[in-house]
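Peer 1: Got coords.pdb for you, PDB, C-alpha atoms and all ligand atoms:
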```pdb
MODEL        1
ATOM      1  CA  MET L   1       0.000   0.000   0.000  1.00  0.00           C
ATOM      2  CA  LEU L   2       1.308   3.474  -0.848  1.00  0.00           C
ATOM      3  CA  PRO L   3       2.344   5.480   2.257  1.00  0.00           C
ATOM      4  CA  GLU L   4       0.040   8.408   1.449  1.00  0.00           C
ATOM      5  CA  LEU L   5      -2.888   6.031   0.985  1.00  0.00           C
ATOM      6  CA  ARG L   6      -2.055   4.285   4.250  1.00  0.00           C
ATOM      7  CA  ASP L   7      -2.100   7.682   6.039  1.00  0.00           C
ATOM      8  CA  ARG L   8      -5.472   8.401   4.577  1.00  0.00           C
ATOM      9  CA  VAL L   9      -7.144   5.153   5.547  1.00  0.00           C
ATOM     10  CA  SER L  10      -5.588   4.905   8.988  1.00  0.00           C
ATOM     11  CA  HIS L  11      -6.262   8.454  10.211  1.00  0.00           C
ATOM     12  CA  ILE L  12      -9.258  10.663  10.859  1.00  0.00           C
ATOM     13  CA  CYS L  13      -9.631  14.432  10.481  1.00  0.00           C
ATOM     14  CA  ALA L  14      -9.243  15.024  14.225  1.00  0.00           C
ATOM     15  CA  GLN L  15      -5.633  13.820  13.938  1.00  0.00           C
ATOM     16  CA  CYS L  16      -4.833  16.332  11.183  1.00  0.00           C
ATOM     17  CA  LYS L  17      -3.129  19.676  11.721  1.00  0.00           C
ATOM     18  CA  PHE L  18      -5.708  21.365   9.500  1.00  0.00           C
ATOM     19  CA  TYR L  19      -8.536  20.299  11.824  1.00  0.00           C
ATOM     20  CA  ILE L  20      -9.612  23.433  13.703  1.00  0.00           C
ATOM     21  CA  ILE L  21     -12.427  24.781  15.847  1.00  0.00           C
ATOM     22  CA  ILE L  22     -14.385  27.702  14.394  1.00  0.00           C
ATOM     23  CA  ASP L  23     -15.835  29.863  17.165  1.00  0.00           C
ATOM     24  CA  GLY L  24     -19.044  31.673  16.314  1.00  0.00           C
ATOM     25  CA  LYS L  25     -21.279  33.932  18.415  1.00  0.00           C
ATOM     26  CA  THR L  26     -23.437  31.149  19.772  1.00  0.00           C
ATOM     27  CA  GLU L  27     -21.710  27.910  18.870  1.00  0.00           C
ATOM     28  CA  SER L  28     -18.461  26.310  17.818  1.00  0.00           C
ATOM     29  CA  LYS L  29     -18.009  23.979  14.863  1.00  0.00           C
ATOM     30  CA  THR L  30     -15.145  21.981  13.470  1.00  0.00           C
ATOM     31  CA  GLY L  31     -13.489  23.133  10.279  1.00  0.00           C
ATOM     32  CA  CYS L  32     -10.714  22.368   7.843  1.00  0.00           C
ATOM     33  CA  ALA L  33      -7.970  24.989   7.550  1.00  0.00           C
ATOM     34  CA  ALA L  34      -6.776  23.418   4.294  1.00  0.00           C
ATOM     35  CA  PHE L  35      -9.415  25.589   2.585  1.00  0.00           C
ATOM     36  CA  ILE L  36      -7.806  28.778   3.952  1.00  0.00           C
ATOM     37  CA  PRO L  37      -4.931  29.720   1.612  1.00  0.00           C
ATOM     38  CA  GLN L  38      -2.552  31.074   4.261  1.00  0.00           C
ATOM     39  CA  TYR L  39      -2.703  27.783   6.146  1.00  0.00           C
ATOM     40  CA  ALA L  40      -3.044  25.464   3.152  1.00  0.00           C
ATOM     41  CA  SER L  41       0.237  26.747   1.766  1.00  0.00           C
ATOM     42  CA  LEU L  42       1.887  25.901   5.113  1.00  0.00           C
ATOM     43  CA  ALA L  43       3.163  29.497   5.229  1.00  0.00           C
ATOM     44  CA  ARG L  44       1.526  29.735   8.651  1.00  0.00           C
ATOM     45  CA  ARG L  45       0.673  26.981  11.079  1.00  0.00           C
ATOM     46  CA  ALA L  46      -3.061  26.470  11.473  1.00  0.00           C
ATOM     47  CA  PRO L  47      -4.164  27.473  14.984  1.00  0.00           C
ATOM     48  CA  GLU L  48      -6.354  25.205  17.104  1.00  0.00           C
ATOM     49  CA  LYS L  49      -9.165  27.782  17.051  1.00  0.00           C
ATOM     50  CA  LEU L  50     -10.242  30.604  14.770  1.00  0.00           C
ATOM     51  CA  GLU L  51     -13.012  33.167  15.127  1.00  0.00           C
ATOM     52  CA  VAL L  52     -15.658  32.862  12.423  1.00  0.00           C
ATOM     53  CA  THR L  53     -15.097  36.531  11.550  1.00  0.00           C
ATOM     54  CA  ASP L  54     -11.427  35.802  10.783  1.00  0.00           C
ATOM     55  CA  VAL L  55     -12.416  32.938   8.489  1.00  0.00           C
ATOM     56  CA  LEU L  56     -14.998  35.130   6.733  1.00  0.00           C
ATOM     57  CA  ARG L  57     -12.371  37.829   6.245  1.00  0.00           C
ATOM     58  CA  ALA L  58      -9.945  35.294   4.756  1.00  0.00           C
ATOM     59  CA  VAL L  59     -12.210  33.263   2.463  1.00  0.00           C
ATOM     60  CA  GLY L  60     -15.703  34.844   2.393  1.00  0.00           C
ATOM     61  CA  ARG L  61     -19.058  33.116   2.868  1.00  0.00           C
ATOM     62  CA  GLU L  62     -18.576  30.414   0.243  1.00  0.00           C
ATOM     63  CA  GLY L  63     -15.119  29.676   1.607  1.00  0.00           C
ATOM     64  CA  LEU L  64     -16.535  29.420   5.125  1.00  0.00           C
ATOM     65  CA  ALA L  65     -19.071  26.869   3.896  1.00  0.00           C
ATOM     66  CA  MET L  66     -16.217  24.801   2.427  1.00  0.00           C
ATOM     67  CA  VAL L  67     -14.169  25.112   5.623  1.00  0.00           C
ATOM     68  CA  LEU L  68     -17.124  23.893   7.692  1.00  0.00           C
ATOM     69  CA  ALA L  69     -18.007  21.086   5.269  1.00  0.00           C
ATOM     70  CA  GLY L  70     -14.462  19.692   5.285  1.00  0.00           C
ATOM     71  CA  PRO L  71     -13.996  17.519   8.335  1.00  0.00           C
ATOM     72  CA  GLY L  72     -16.115  15.529  10.679  1.00  0.00           C
ATOM     73  CA  ASN L  73     -15.073  13.954  13.962  1.00  0.00           C
ATOM     74  CA  HIS L  74     -14.900  10.498  12.468  1.00  0.00           C
ATOM     75  CA  SER L  75     -14.266  11.334   8.823  1.00  0.00           C
ATOM     76  CA  GLN L  76     -11.564   9.422   7.089  1.00  0.00           C
ATOM     77  CA  ALA L  77      -8.652  11.704   6.330  1.00  0.00           C
ATOM     78  CA  CYS L  78      -8.353  13.182   2.861  1.00  0.00           C
ATOM     79  CA  GLY L  79      -5.304  13.413   0.603  1.00  0.00           C
ATOM     80  CA  GLN L  80      -4.191  16.662   2.280  1.00  0.00           C
ATOM     81  CA  PHE L  81      -3.783  14.991   5.658  1.00  0.00           C
ATOM     82  CA  HIS L  82      -0.798  16.165   7.704  1.00  0.00           C
ATOM     83  CA  PRO L  83      -0.346  14.677  11.167  1.00  0.00           C
ATOM     84  CA  LYS L  84      -0.743  17.015  14.132  1.00  0.00           C
ATOM     85  CA  ARG L  85       2.278  17.609  16.296  1.00  0.00           C
ATOM     86  CA  LYS L  86       1.945  15.498  19.402  1.00  0.00           C
ATOM     87  CA  ASN L  87       3.779  17.529  22.036  1.00  0.00           C
ATOM     88  CA  ASN L  88       1.656  20.521  22.956  1.00  0.00           C
ATOM     89  CA  LYS L  89       3.941  22.016  25.592  1.00  0.00           C
ATOM     90  CA  LYS L  90       2.527  24.990  27.391  1.00  0.00           C
ATOM     91  CA  SER L  91       4.907  27.728  28.373  1.00  0.00           C
ATOM     92  CA  ASN L  92       4.249  29.983  31.328  1.00  0.00           C
TER      93      ASN L  92
HETATM   94  S1  LIG L 101     -10.492  17.241   5.388  1.00  0.00           S
HETATM   95 FE1  LIG L 101      -8.355  16.566   5.022  1.00  0.00          FE
HETATM   96  S2  LIG L 101      -7.084  18.375   5.369  1.00  0.00           S
HETATM   97 FE2  LIG L 101      -9.095  18.766   6.303  1.00  0.00          FE
HETATM   98  S3  LIG L 101      -8.915  18.148   8.439  1.00  0.00           S
HETATM   99 FE3  LIG L 101      -9.670  16.367   7.304  1.00  0.00          FE
HETATM  100  S4  LIG L 101      -7.833  15.229   6.730  1.00  0.00           S
HETATM  101 FE4  LIG L 101      -7.162  17.274   7.309  1.00  0.00          FE
ENDMDL
END
```
Now that the file is in, can you turn its structure into structure tokens?

Peer 2:
Amino acid sequence: MLPELRDRVSHICAQCKFYIIIDGKTESKTGCAAFIPQYASLARRAPEKLEVTDVLRAVGREGLAMVLAGPGNHSQACGQFHPKRKNNKKSN
């Protein structure tokens, strides 16, 4: 099996570094930062959370719909899967 195909079938979106939380006024949803150019290009690391207004500013309403439609908690990873870094050290 090809390595990239193995990654895809053995991982879920929640294990991907593009998997983010989108905070809205009244609720939070999961989203895929791979649809946001500045993060898709790996120029900037996708944060764990983004405000919905920041996503709207970056990609507009149609882009927001794509970001929100991307992942699900148990979705099989797509071809853009990149593993999340495991050590989330907190500095004080
Ligand atoms: S849809 Fe693909 S790129 Fe987006 S979070 Fe899931 S695996 Fe990652």

Peer 1: Counting all atoms listed in the file, which residue out of L:Gly31, L:Pro47, L:Gly24, L:Gly60 sits closest to ligand LIG 101 (chain L)?

Peer 2: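 Of the candidates, the smallest distance to ligand LIG 101 (chain L) is held by L:Gly31.
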
Peer 1: Tell me which of L:Gly79, L:Ile36, L:Leu2, L:Cys16 sits closest to Asp54 (chain L), counting all atoms listed in the file.

Peer 2: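 Of the candidates, the smallest distance to Asp54 (chain L) is held by L:Ile36.
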
Peer 1: Expand the PyMOL selection byres (((not hetatm)) within 8 of (chain L and resi 101)) into the explicit residue set it covers here, and present it as number ranges by chain.

Peer 2: L: 8, 11-20, 31-35, 70-72, 75-82

Peer 1: From the set L:Leu50, L:Glu62, L:Lys86, L:Arg57, which residue has the shortest atom-to-atom contact distance to Thr30 (chain L), counting only C-alpha atoms?

Peer 2: L:Leu50

Peer 1: Quick one: distance from CA of Lys29 (chain L) to CA of Met66 (chain L) in Å, one decimal?

Peer 2: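 Separating CA of Lys29 (chain L) from CA of Met66 (chain L) is a distance of 12.6 Å.
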
Peer 1: Put the listed atoms of region 22-33 of chain L in a box along x, y and z with 6 Å added on every side and give me the centre and edge lengths in Å to one decimal, as AutoDock Vina command-line options.

Peer 2:
```
--center_x -15.7 --center_y 28.0 --center_z 13.7 --size_x 27.5 --size_y 24.0 --size_z 24.2
```

Peer 1: Please measure the separation of CA of Leu56 (chain L) and CA of Leu42 (chain L), giving the value in Å to one decimal.

Peer 2: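 According to the coordinates, CA of Leu56 (chain L) and CA of Leu42 (chain L) are separated by 19.3 Å.
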
Peer 1: Find the distance between CA of Ile21 (chain L) and CA of Ala69 (chain L) and write it in Å to one decimal.

Peer 2: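 The value is 12.5 Å.
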
Peer 1: From the set L:Gln38, L:Glu51, L:Ser10, L:Arg44, which residue has the shortest atom-to-atom contact distance to Asp23 (chain L), counting only C-alpha atoms?

Peer 2: L:Glu51

Peer 1: Pick the closest to Lys84 (chain L) from L:Ile22, L:Ala46, L:Ala40, L:Leu68: which is it, counting all atoms listed in the file?

Peer 2: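 Result for the nearest residue to Lys84 (chain L): L:Ala46.
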